[in-house]
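Input: a single structure, listed below in structure tokens.
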Amino acid sequence: MKKKILSFFNSIFHEKCMGCDSESRPEFYGFCEDCWRRIIFIENCGKNNNWSFAKYEGPIKKAICDFKYLGKKSYGKNFGKLLCEFIKRNDFPDFDLIIPIPLHWKKEFSRGFNQSAIISVYLGKFLKKPVMLGNLVKIKNTVSQTQLSESERKENVKGSFKVKKQRLIKGKNILLVDDVKTTGATTEEAKRVLKKNGAKKVIILTVASS
């Protein structure tokens, strides 16, 4: 009888796979073994301090889309764990603090949260690193980058970020976190603004990359 009760509660509270809704496995950071094997991990990344965990397709793409557009905020913890282990297992450069790519306030209000901020907060907890929110802000409510060319993306995000307090980032090595990198226009613009305002080094880290 006890075994049946335990089995019942396990079936209710066991976390579902972010890629296919079957049972996940903790060693696969919110994915089941089958979905984990389908993820295309990015090898030899880190060029010019641009790091990304996996290709933006398959289970990773579904998980990120559900996270952002279906409001599955609990996925942020899994992505935070995943990036934490990714940093530990690679020859990753040292950094002083974590800053997420911000959303314009209108977009964040509409969505209800900033997915990159959620990932960053969990990553900071796991790594015991400070997370800085609200200092790098997005002042331009840009149109969606999805249908734009590479040159249009760069123009679209130009001048869209601002640092409120330079003294808080001056001389710091910063880990800039986002969920997805497509052409890199958004993260590169944010990086440029951070360095212009006194950051010593900016390392870009994303969950996925196109």
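Here, A, B, ... name the chains of the structure tokens in the order displayed, residue numbers run from 1 inside each chain, and ligands are numbered from 1 in the same displayed order.
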Non-local contacts of range 98-109 of chain A (8 Å; only C-alpha atoms; under 5 positions in same chain excluded) as a JSON list (two decimals) with C-alpha atoms, in the first residue's frame:
[["chain", "number", "residue", "atom", "x", "y", "z"],
["A", 114, "ASN", "CA", 12.28, 38.72, -18.35],
["A", 116, "SER", "CA", 17.12, 36.16, -19.20],
["A", 117, "ALA", "CA", 16.81, 37.71, -15.75],
["A", 120, "SER", "CA", 20.67, 34.86, -14.45],
["A", 124, "GLY", "CA", 24.08, 33.53, -9.74],
["A", 129, "LYS", "CA", 28.08, 35.26, -7.99],
["A", 130, "PRO", "CA", 26.29, 38.62, -7.74],
["A", 131, "VAL", "CA", 23.57, 39.39, -10.28],
["A", 132, "MET", "CA", 23.00, 43.01, -11.27],
["A", 133, "LEU", "CA", 19.45, 43.88, -12.34],
["A", 134, "GLY", "CA", 18.19, 47.29, -13.40],
["A", 136, "LEU", "CA", 21.67, 47.96, -17.83],
["A", 137, "VAL", "CA", 18.27, 48.97, -19.23],
["A", 138, "LYS", "CA", 16.62, 48.86, -22.64],
["A", 139, "ILE", "CA", 15.39, 52.32, -23.54],
["A", 140, "LYS", "CA", 14.22, 51.59, -27.08],
["A", 141, "ASN", "CA", 11.21, 49.33, -27.66],
["A", 174, "ILE", "CA", 30.88, 40.98, -16.67],
["A", 175, "LEU", "CA", 29.02, 37.86, -17.75],
["A", 176, "LEU", "CA", 26.20, 39.00, -20.07],
["A", 177, "VAL", "CA", 23.43, 36.37, -20.23],
["A", 178, "ASP", "CA", 20.67, 35.85, -22.80],
["A", 187, "THR", "CA", 24.24, 40.97, -27.23],
["A", 190, "ALA", "CA", 24.74, 45.52, -25.06]]
Kindly provide the residues of range 58-153 of chain A that approach range 35-39 of chain A to within 7 Å, each paired with its closest atom pair and their distance in Å to one decimal, based on only C-alpha atoms, listed by chain and increasing number, as a tab-separated table.
residue	atom	partner	partner_atom	distance
A:Gly58	CA	A:Ile39	CA	6.7
A:Pro59	CA	A:Cys35	CA	5.9
A:Ile60	CA	A:Ile39	CA	6.7
Write out the residues from the selection above, keeping C-alpha atoms, as a tab-separated table (two decimals), in the first residue's frame.
chain	number	residue	atom	x	y	z
A	58	GLY	CA	14.97	20.43	-31.36
A	59	PRO	CA	14.31	20.02	-27.61
A	60	ILE	CA	16.26	23.15	-26.64
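DSSP, applied to the backbone of this structure, assigns helix (DSSP H, G or I) to the following residues of range 109-171 of chain A: Phe109, Ser110, Arg111, Gln115, Ser116, Ala117, Ile118, Ile119, Ser120, Val121, Tyr122, Leu123, Gly124, Lys125, Phe126, Leu127, Glu150, Ser151, Glu152, Arg153, Lys154, Glu155, Asn156, Val157, Gln166, Arg167 and Leu168 of chain A.
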Hey, can you spit out that residue selection with C-alpha atoms as a short mmCIF file (atom, residue, chain, number, x, y, z; two decimals), in the first residue's frame?
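Below you can see selection31.cif, which holds the result:
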data_model
loop_
_atom_site.label_atom_id
_atom_site.label_comp_id
_atom_site.auth_asym_id
_atom_site.auth_seq_id
_atom_site.Cartn_x
_atom_site.Cartn_y
_atom_site.Cartn_z
CA PHE A 109 5.09 44.06 -18.72
CA SER A 110 3.33 42.29 -21.59
CA ARG A 111 5.21 39.01 -21.06
CA GLN A 115 13.44 35.20 -19.19
CA SER A 116 17.12 36.16 -19.20
CA ALA A 117 16.81 37.71 -15.75
CA ILE A 118 15.27 34.52 -14.34
CA ILE A 119 18.08 32.41 -15.80
CA SER A 120 20.67 34.86 -14.45
CA VAL A 121 19.25 34.89 -10.92
CA TYR A 122 19.40 31.10 -10.69
CA LEU A 123 22.85 31.00 -12.30
CA GLY A 124 24.08 33.53 -9.74
CA LYS A 125 22.71 31.42 -6.88
CA PHE A 126 24.36 28.24 -8.15
CA LEU A 127 27.72 29.94 -8.79
CA GLU A 150 21.54 40.78 -40.15
CA SER A 151 22.13 44.41 -41.11
CA GLU A 152 18.57 45.34 -40.16
CA ARG A 153 19.00 43.65 -36.77
CA LYS A 154 22.10 45.72 -36.02
CA GLU A 155 20.33 48.93 -36.97
CA ASN A 156 17.23 47.90 -35.01
CA VAL A 157 19.09 47.54 -31.69
CA GLN A 166 28.71 53.61 -14.50
CA ARG A 167 30.50 53.26 -11.16
CA LEU A 168 28.81 49.91 -10.53
#
Give me the range 75-173 of chain A side of the contact with range 13-28 of chain A, cut-off 12 Å, one line per residue showing its nearest atom pair and distance in Å at one decimal, counting only C-alpha atoms, sorted by chain and residue number, as a Markdown table.
| residue | atom | partner | partner_atom | distance |
| --- | --- | --- | --- | --- |
| A:Tyr75 | CA | A:Met18 | CA | 7.5 |
| A:Gly76 | CA | A:Met18 | CA | 10.9 |
| A:Lys77 | CA | A:Met18 | CA | 11.8 |
| A:Asn78 | CA | A:Phe28 | CA | 9.2 |
| A:Phe79 | CA | A:Met18 | CA | 10.4 |
| A:Lys81 | CA | A:Phe28 | CA | 10.0 |
| A:Leu82 | CA | A:Phe28 | CA | 8.4 |
| A:Glu85 | CA | A:Glu27 | CA | 10.8 |
So that I have them on file, write out the residues from the current selection with N, CA and C atoms, as an mmCIF file, in the first residue's frame.
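Result saved to result.cif:
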data_model
loop_
_atom_site.group_PDB
_atom_site.id
_atom_site.type_symbol
_atom_site.label_atom_id
_atom_site.label_comp_id
_atom_site.auth_asym_id
_atom_site.auth_seq_id
_atom_site.Cartn_x
_atom_site.Cartn_y
_atom_site.Cartn_z
ATOM 1 N N TYR A 75 11.208 26.719 -15.848
ATOM 2 C CA TYR A 75 12.298 26.266 -16.722
ATOM 3 C C TYR A 75 13.571 27.069 -16.477
ATOM 4 N N GLY A 76 13.420 28.293 -15.973
ATOM 5 C CA GLY A 76 14.579 29.142 -15.736
ATOM 6 C C GLY A 76 15.582 28.516 -14.790
ATOM 7 N N LYS A 77 15.083 27.783 -13.795
ATOM 8 C CA LYS A 77 15.977 27.111 -12.851
ATOM 9 C C LYS A 77 16.791 26.033 -13.544
ATOM 10 N N ASN A 78 16.150 25.258 -14.420
ATOM 11 C CA ASN A 78 16.870 24.224 -15.167
ATOM 12 C C ASN A 78 17.935 24.824 -16.079
ATOM 13 N N PHE A 79 17.581 25.923 -16.741
ATOM 14 C CA PHE A 79 18.569 26.581 -17.602
ATOM 15 C C PHE A 79 19.720 27.152 -16.766
ATOM 16 N N LYS A 81 20.858 25.874 -13.924
ATOM 17 C CA LYS A 81 21.690 24.717 -13.559
ATOM 18 C C LYS A 81 22.556 24.277 -14.735
ATOM 19 N N LEU A 82 21.916 24.223 -15.896
ATOM 20 C CA LEU A 82 22.604 23.779 -17.107
ATOM 21 C C LEU A 82 23.798 24.687 -17.412
ATOM 22 N N GLU A 85 26.734 24.226 -14.842
ATOM 23 C CA GLU A 85 27.581 23.066 -15.137
ATOM 24 C C GLU A 85 28.409 23.292 -16.388
#
Next item on the list: Would you please give, as a list in words, all residues of range 40-92 of chain A that DSSP assigns to strand (DSSP E) based on the backbone?
Entry: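 Matching residues for strand (DSSP E) in range 40-92 of chain A are Asn50, Trp51, Ser52, Phe53, Ala54 and Lys55 of chain A.
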